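K.L.:
CSV, C-alpha atoms, saved as entry19.csv, coming up:
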chain,number,residue,atom,x,y,z
T,1,ALA,CA,-10.6,-41.6,45.0
T,2,LEU,CA,-8.6,-39.3,47.1
T,3,LEU,CA,-9.0,-35.6,47.5
T,4,LEU,CA,-6.2,-33.0,47.7
T,5,ALA,CA,-7.4,-30.0,49.6
T,6,TYR,CA,-6.4,-27.2,51.9
T,7,PRO,CA,-7.7,-28.3,55.4
T,8,GLY,CA,-8.5,-25.6,57.9
T,9,PHE,CA,-9.3,-22.8,55.3
T,10,PRO,CA,-13.1,-22.4,55.1
T,11,ALA,CA,-13.3,-21.3,51.5
T,12,ALA,CA,-11.1,-24.2,50.4
T,13,GLU,CA,-13.1,-26.6,52.5
T,14,THR,CA,-16.3,-25.4,50.7
T,15,ARG,CA,-14.6,-26.0,47.3
T,16,ALA,CA,-13.4,-29.4,48.4
T,17,GLU,CA,-16.9,-30.4,49.6
T,18,GLY,CA,-18.3,-29.2,46.3
T,19,MET,CA,-15.8,-31.3,44.3
T,20,MET,CA,-16.7,-34.4,46.3
T,21,ASP,CA,-20.4,-33.8,46.0
T,22,GLY,CA,-20.2,-33.2,42.3
T,23,PHE,CA,-18.1,-36.3,41.8
T,24,ARG,CA,-20.6,-38.4,43.9
T,25,GLU,CA,-23.4,-37.2,41.6
T,26,GLU,CA,-21.5,-38.6,38.6
T,27,VAL,CA,-20.0,-41.7,40.3
T,28,PRO,CA,-22.4,-42.6,43.2
T,29,ASP,CA,-20.5,-45.6,44.3
T,30,VAL,CA,-17.2,-43.8,44.7
T,31,ALA,CA,-15.2,-44.6,47.8
T,32,PHE,CA,-13.0,-41.7,49.0
T,33,VAL,CA,-9.9,-43.1,50.7
T,34,GLY,CA,-9.2,-39.8,52.4
T,35,THR,CA,-8.5,-36.1,52.2
T,36,TYR,CA,-4.9,-35.0,52.1
T,37,SER,CA,-3.1,-31.6,52.0
T,38,GLY,CA,-2.4,-30.6,48.4
T,39,PHE,CA,-3.0,-27.0,47.8
T,40,THR,CA,0.5,-26.4,46.3
T,41,GLU,CA,2.6,-28.6,43.9
T,42,ASP,CA,5.2,-29.5,46.6
T,43,VAL,CA,2.6,-30.3,49.3
T,44,ALA,CA,0.6,-32.4,46.9
T,45,TYR,CA,3.7,-34.2,45.7
T,46,GLU,CA,4.6,-35.2,49.3
T,47,SER,CA,1.0,-36.2,50.1
T,48,VAL,CA,0.6,-38.4,47.1
T,49,ARG,CA,4.1,-39.9,47.5
T,50,GLU,CA,3.2,-40.8,51.1
T,51,VAL,CA,-0.1,-42.3,50.2
T,52,LEU,CA,1.6,-44.4,47.5
T,53,GLU,CA,4.3,-45.5,50.0
T,54,ASP,CA,1.5,-46.5,52.5
T,55,GLY,CA,0.0,-48.8,49.8
T,56,VAL,CA,-3.4,-46.9,49.6
T,57,GLU,CA,-5.2,-47.9,46.5
T,58,PHE,CA,-7.0,-45.4,44.3
T,59,ASN,CA,-7.5,-44.6,40.7
T,60,VAL,CA,-8.9,-41.0,40.9
T,61,ILE,CA,-7.4,-37.8,42.4
T,62,LEU,CA,-9.6,-34.8,42.8
T,63,SER,CA,-7.3,-31.8,43.3
T,64,MET,CA,-8.8,-28.5,44.3
T,65,THR,CA,-6.0,-26.7,42.3
T,66,ASP,CA,-4.1,-27.3,39.1
T,67,GLU,CA,-0.9,-26.9,41.2
T,68,GLY,CA,-1.9,-29.9,43.3
T,69,ALA,CA,-2.4,-31.9,40.1
T,70,TYR,CA,1.1,-31.1,39.0
T,71,GLY,CA,2.6,-32.5,42.2
T,72,SER,CA,0.4,-35.6,42.0
T,73,ILE,CA,1.6,-36.2,38.4
T,74,ARG,CA,5.2,-36.0,39.5
T,75,ALA,CA,4.7,-38.5,42.4
T,76,LEU,CA,2.8,-40.9,40.2
T,77,GLN,CA,5.4,-40.7,37.4
T,78,GLU,CA,8.3,-41.3,39.9
T,79,SER,CA,6.4,-44.3,41.3
T,80,GLY,CA,6.1,-45.8,37.8
T,81,TYR,CA,2.3,-45.4,37.3
T,82,SER,CA,1.1,-45.1,33.7
T,83,PRO,CA,-1.2,-42.2,32.7
T,84,ASP,CA,-4.1,-44.5,32.1
T,85,SER,CA,-4.0,-46.0,35.6
T,86,VAL,CA,-5.1,-42.8,37.5
T,87,VAL,CA,-7.4,-40.0,36.5
T,88,ILE,CA,-6.8,-36.6,37.9
T,89,VAL,CA,-9.3,-33.8,37.8
T,90,SER,CA,-8.5,-30.3,39.1
T,91,ALA,CA,-9.6,-26.7,39.2
T,92,ASN,CA,-8.4,-23.4,37.9
T,93,GLY,CA,-8.0,-24.1,34.2
T,94,GLU,CA,-4.4,-22.9,34.0
T,95,PRO,CA,-2.8,-22.9,30.5
T,96,PHE,CA,-0.2,-25.6,31.7
T,97,ALA,CA,-3.0,-27.8,32.9
T,98,GLN,CA,-4.8,-27.4,29.6
T,99,GLU,CA,-1.5,-28.5,27.9
T,100,LEU,CA,-1.2,-31.5,30.1
T,101,ILE,CA,-4.8,-32.5,29.3
T,102,ARG,CA,-4.2,-32.2,25.5
T,103,GLU,CA,-1.1,-34.4,25.9
T,104,GLY,CA,-3.1,-37.2,27.5
T,105,THR,CA,-1.3,-37.2,30.8
T,106,PHE,CA,-3.0,-38.2,34.1
T,107,LEU,CA,-4.8,-34.9,34.1
T,108,ARG,CA,-8.1,-35.4,32.3
T,109,GLY,CA,-10.0,-32.3,33.2
T,110,THR,CA,-9.8,-28.9,35.0
T,111,VAL,CA,-12.6,-26.6,35.9
T,112,ALA,CA,-12.0,-23.2,34.4
T,113,TYR,CA,-11.8,-20.4,37.0
T,114,ASN,CA,-12.6,-16.9,35.8
T,115,ARG,CA,-10.2,-14.7,37.8
T,116,GLU,CA,-11.5,-11.6,36.1
T,117,GLN,CA,-15.1,-12.3,37.0
T,118,SER,CA,-14.2,-13.2,40.6
T,119,SER,CA,-12.0,-10.1,41.0
T,120,GLN,CA,-14.8,-7.9,39.7
T,121,ILE,CA,-17.3,-9.4,42.1
T,122,ALA,CA,-14.8,-8.9,45.0
T,123,ILE,CA,-14.2,-5.2,44.0
T,124,ASP,CA,-18.0,-4.5,43.6
T,125,THR,CA,-18.7,-6.1,47.0
T,126,LEU,CA,-15.9,-4.1,48.6
T,127,VAL,CA,-17.2,-0.8,47.1
T,128,LYS,CA,-20.7,-1.6,48.4
T,129,MET,CA,-19.3,-2.3,51.9
T,130,LEU,CA,-17.3,0.9,51.9
T,131,ALA,CA,-20.4,2.9,50.8
T,132,GLY,CA,-22.5,1.3,53.6
T,133,SER,CA,-24.7,-0.6,51.2
T,134,PRO,CA,-26.0,-4.0,52.3
T,135,VAL,CA,-24.1,-7.0,51.0
T,136,PRO,CA,-25.0,-10.7,51.2
T,137,GLU,CA,-23.4,-12.8,53.9
T,138,PHE,CA,-21.9,-15.0,51.1
T,139,VAL,CA,-20.8,-13.8,47.7
T,140,SER,CA,-20.3,-16.5,45.1
T,141,PHE,CA,-20.4,-17.1,41.3
T,142,PRO,CA,-20.9,-20.1,39.2
T,143,PRO,CA,-18.0,-22.4,38.3
T,144,GLY,CA,-16.6,-22.3,34.9
T,145,ASP,CA,-16.7,-25.0,32.2
T,146,VAL,CA,-15.0,-28.4,32.7
T,147,LEU,CA,-12.1,-28.4,30.3
T,148,THR,CA,-11.4,-31.9,28.9
T,149,ARG,CA,-9.3,-32.9,25.9
T,150,GLU,CA,-12.6,-33.1,23.8
T,151,VAL,CA,-13.7,-29.6,25.0
T,152,LEU,CA,-10.3,-28.1,24.3
T,153,SER,CA,-10.1,-29.7,20.9
T,154,ALA,CA,-13.6,-28.3,20.0
T,155,LEU,CA,-12.5,-24.8,21.2
T,156,GLY,CA,-9.4,-25.1,19.1
T,157,SER,CA,-7.2,-24.2,22.0
Could you render the structure as structure tokens?

P.N.:
Amino acid sequence: ALLLAYPGFPAAETRAEGMMDGFREEVPDVAFVGTYSGFTEDVAYESVREVLEDGVEFNVILSMTDEGAYGSIRALQESGYSPDSVVIVSANGEPFAQELIREGTFLRGTVAYNREQSSQIAIDTLVKMLAGSPVPEFVSFPPGDVLTREVLSALGS
């Protein structure tokens, strides 16, 4: 497996570590071939294209964003890979990612991200800070559901 992340940005590194840890729980014998830049579509495309040119073998891509998944898909398609040869899992749950999952592309799942909930938590924390109330050192919220073709079909979306 390879990981597409945003090295050097602490929150992104935490998300990336969580993705790897979660994947290891489900697939204990996974071998990660490396962590590559891939926060945006274009950067992910370049990273995956270079990895393919270098002959690195993998059959799973964990992308910390749906945008990274889109770039990965483009690189894989241009290199002649079939959708059943590489599994991509990403995060954010964007509508386009859901569409790609339904179509049976490389993208097999995305973790839904509740922007409304995270925004509300951020505003509430900011208000507490401005009011002088104590706030925790780290503010977090649970991840959303993993959206797969089966889940999307059951939801009717």

K.L.:
Here is a test: counting all atoms listed in the file, which residue of T:Ala154, T:Arg149, T:Ala31, T:Ile121 is nearest to Pro136 of chain T?

P.N.:
T:Ile121

K.L.:
Need to verify the contact set: Val87 of chain T, 7 Å, all atoms listed in the file, exclusion of same-chain residues closer than 3 positions in sequence. Can you return it as a ChimeraX atom specification?

P.N.:
/T:59-61,106-108

K.L.:
Based on the selection just made, write C-alpha atoms of those residues as a compact mmCIF listing (two decimals), keeping the file's coordinate frame.

P.N.:
# COMPACT_ATOMS: atom_id res chain seq x y z
CA ASN T 59 -7.50 -44.60 40.70
CA VAL T 60 -8.90 -41.00 40.90
CA ILE T 61 -7.40 -37.80 42.40
CA PHE T 106 -3.00 -38.20 34.10
CA LEU T 107 -4.80 -34.90 34.10
CA ARG T 108 -8.10 -35.40 32.30

K.L.:
Would you mind telling me which residue in T:Gly104, T:Leu130, T:Gln98, T:Tyr113 lies nearest to Gly156 of chain T when using only C-alpha atoms?

P.N.:
T:Gln98

K.L.:
With distances taken over only C-alpha atoms, which residue among T:Val139, T:Ala91, T:Ala112, T:Val43 lies nearest Thr125 of chain T?

P.N.:
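Of the candidates, the smallest distance to Thr125 of chain T is held by T:Val139.
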
K.L.:
Find the spatial neighbours of segment 5-18 of chain T, counting all atoms listed in the file, within a cut-off of 12 Å - ignore same-chain residues fewer than 4 positions away - and output them as a ChimeraX atom specification.

P.N.:
/T:22-25,32,34-41,43-44,47-48,61-69,90-92,111,138-140,142-143

K.L.:
Determine, counting only C-alpha atoms, every residue of protein, DNA or RNA that lies within 9 Å of (-2.1, -42.9, 34.7) in the file coordinates, then give the result as a ChimeraX atom specification.

P.N.:
/T:59,73,76-77,81-88,105-107

K.L.:
So, with only C-alpha atoms as the atoms that count, which of T:Glu50, T:Glu57, T:Asp42, T:Glu99 lies closest to Leu152 of chain T?

P.N.:
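Among the listed residues, the smallest separation from Leu152 of chain T belongs to T:Glu99.
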
K.L.:
Quick one: pull the distance between atom CA of Leu147 of chain T and atom CA of Ile101 of chain T, Å, one decimal.

P.N.:
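So the answer is 8.4 Å.
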
K.L.:
So what do you get for atom CA of Glu137 of chain T versus atom CA of Asp124 of chain T, distance-wise?

P.N.:
14.3 Å

K.L.:
Between atom CA of Leu4 of chain T and atom CA of Ser153 of chain T, what is the distance in Å, rounded to a tenth?

P.N.:
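Between these atoms lies a distance of 27.3 Å.
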
K.L.:
Could you check which of T:Leu155, T:Leu3, T:Val27, T:Leu126 is closest to Val89 of chain T, using all atoms listed in the file?

P.N.:
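Among the listed residues, the smallest separation from Val89 of chain T belongs to T:Leu3.
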
K.L.:
For Asp145 of chain T, which residue among T:Ala1, T:Glu46, T:Thr110, T:Val33 is the nearest when counting only C-alpha atoms?

P.N.:
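Smallest distance to Asp145 of chain T is found for T:Thr110.
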
K.L.:
Kindly add N, CA and C atoms to the incomplete segment 13-30 of chain T and provide the output as a PDB file, keeping the file's coordinate frame.

P.N.:
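New file part_25.pdb:
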ATOM      1  N   GLU T  13     -12.310 -25.484  52.058  1.00  0.00           N
ATOM      2  CA  GLU T  13     -13.100 -26.600  52.500  1.00  0.00           C
ATOM      3  C   GLU T  13     -14.442 -26.667  51.758  1.00  0.00           C
ATOM      4  N   THR T  14     -15.028 -25.500  51.505  1.00  0.00           N
ATOM      5  CA  THR T  14     -16.300 -25.400  50.700  1.00  0.00           C
ATOM      6  C   THR T  14     -16.036 -25.940  49.325  1.00  0.00           C
ATOM      7  N   ARG T  15     -14.935 -25.520  48.704  1.00  0.00           N
ATOM      8  CA  ARG T  15     -14.600 -26.000  47.300  1.00  0.00           C
ATOM      9  C   ARG T  15     -14.407 -27.489  47.343  1.00  0.00           C
ATOM     10  N   ALA T  16     -13.694 -27.997  48.341  1.00  0.00           N
ATOM     11  CA  ALA T  16     -13.400 -29.400  48.400  1.00  0.00           C
ATOM     12  C   ALA T  16     -14.730 -30.220  48.561  1.00  0.00           C
ATOM     13  N   GLU T  17     -15.613 -29.762  49.420  1.00  0.00           N
ATOM     14  CA  GLU T  17     -16.900 -30.400  49.600  1.00  0.00           C
ATOM     15  C   GLU T  17     -17.691 -30.424  48.286  1.00  0.00           C
ATOM     16  N   GLY T  18     -17.648 -29.300  47.583  1.00  0.00           N
ATOM     17  CA  GLY T  18     -18.300 -29.200  46.300  1.00  0.00           C
ATOM     18  C   GLY T  18     -17.777 -30.180  45.284  1.00  0.00           C
ATOM     19  N   MET T  19     -16.450 -30.332  45.276  1.00  0.00           N
ATOM     20  CA  MET T  19     -15.800 -31.300  44.300  1.00  0.00           C
ATOM     21  C   MET T  19     -16.258 -32.710  44.662  1.00  0.00           C
ATOM     22  N   MET T  20     -16.269 -33.048  45.949  1.00  0.00           N
ATOM     23  CA  MET T  20     -16.700 -34.400  46.300  1.00  0.00           C
ATOM     24  C   MET T  20     -18.151 -34.633  46.003  1.00  0.00           C
ATOM     25  N   ASP T  21     -18.986 -33.666  46.315  1.00  0.00           N
ATOM     26  CA  ASP T  21     -20.400 -33.800  46.000  1.00  0.00           C
ATOM     27  C   ASP T  21     -20.664 -33.946  44.526  1.00  0.00           C
ATOM     28  N   GLY T  22     -20.008 -33.127  43.735  1.00  0.00           N
ATOM     29  CA  GLY T  22     -20.200 -33.200  42.300  1.00  0.00           C
ATOM     30  C   GLY T  22     -19.688 -34.542  41.733  1.00  0.00           C
ATOM     31  N   PHE T  23     -18.585 -35.038  42.271  1.00  0.00           N
ATOM     32  CA  PHE T  23     -18.100 -36.300  41.800  1.00  0.00           C
ATOM     33  C   PHE T  23     -19.031 -37.451  42.193  1.00  0.00           C
ATOM     34  N   ARG T  24     -19.588 -37.365  43.411  1.00  0.00           N
ATOM     35  CA  ARG T  24     -20.600 -38.400  43.900  1.00  0.00           C
ATOM     36  C   ARG T  24     -21.808 -38.395  42.978  1.00  0.00           C
ATOM     37  N   GLU T  25     -22.206 -37.226  42.469  1.00  0.00           N
ATOM     38  CA  GLU T  25     -23.400 -37.200  41.600  1.00  0.00           C
ATOM     39  C   GLU T  25     -23.099 -37.994  40.299  1.00  0.00           C
ATOM     40  N   GLU T  26     -21.864 -37.920  39.798  1.00  0.00           N
ATOM     41  CA  GLU T  26     -21.500 -38.600  38.600  1.00  0.00           C
ATOM     42  C   GLU T  26     -21.115 -40.076  38.824  1.00  0.00           C
ATOM     43  N   VAL T  27     -20.527 -40.332  39.986  1.00  0.00           N
ATOM     44  CA  VAL T  27     -20.000 -41.700  40.300  1.00  0.00           C
ATOM     45  C   VAL T  27     -20.562 -41.997  41.744  1.00  0.00           C
ATOM     46  N   PRO T  28     -21.827 -42.388  41.851  1.00  0.00           N
ATOM     47  CA  PRO T  28     -22.400 -42.600  43.200  1.00  0.00           C
ATOM     48  C   PRO T  28     -21.755 -43.601  44.070  1.00  0.00           C
ATOM     49  N   ASP T  29     -21.108 -44.604  43.491  1.00  0.00           N
ATOM     50  CA  ASP T  29     -20.500 -45.600  44.300  1.00  0.00           C
ATOM     51  C   ASP T  29     -19.013 -45.359  44.624  1.00  0.00           C
ATOM     52  N   VAL T  30     -18.566 -44.121  44.425  1.00  0.00           N
ATOM     53  CA  VAL T  30     -17.200 -43.800  44.700  1.00  0.00           C
ATOM     54  C   VAL T  30     -16.873 -43.982  46.198  1.00  0.00           C
TER      55      VAL T  30
END
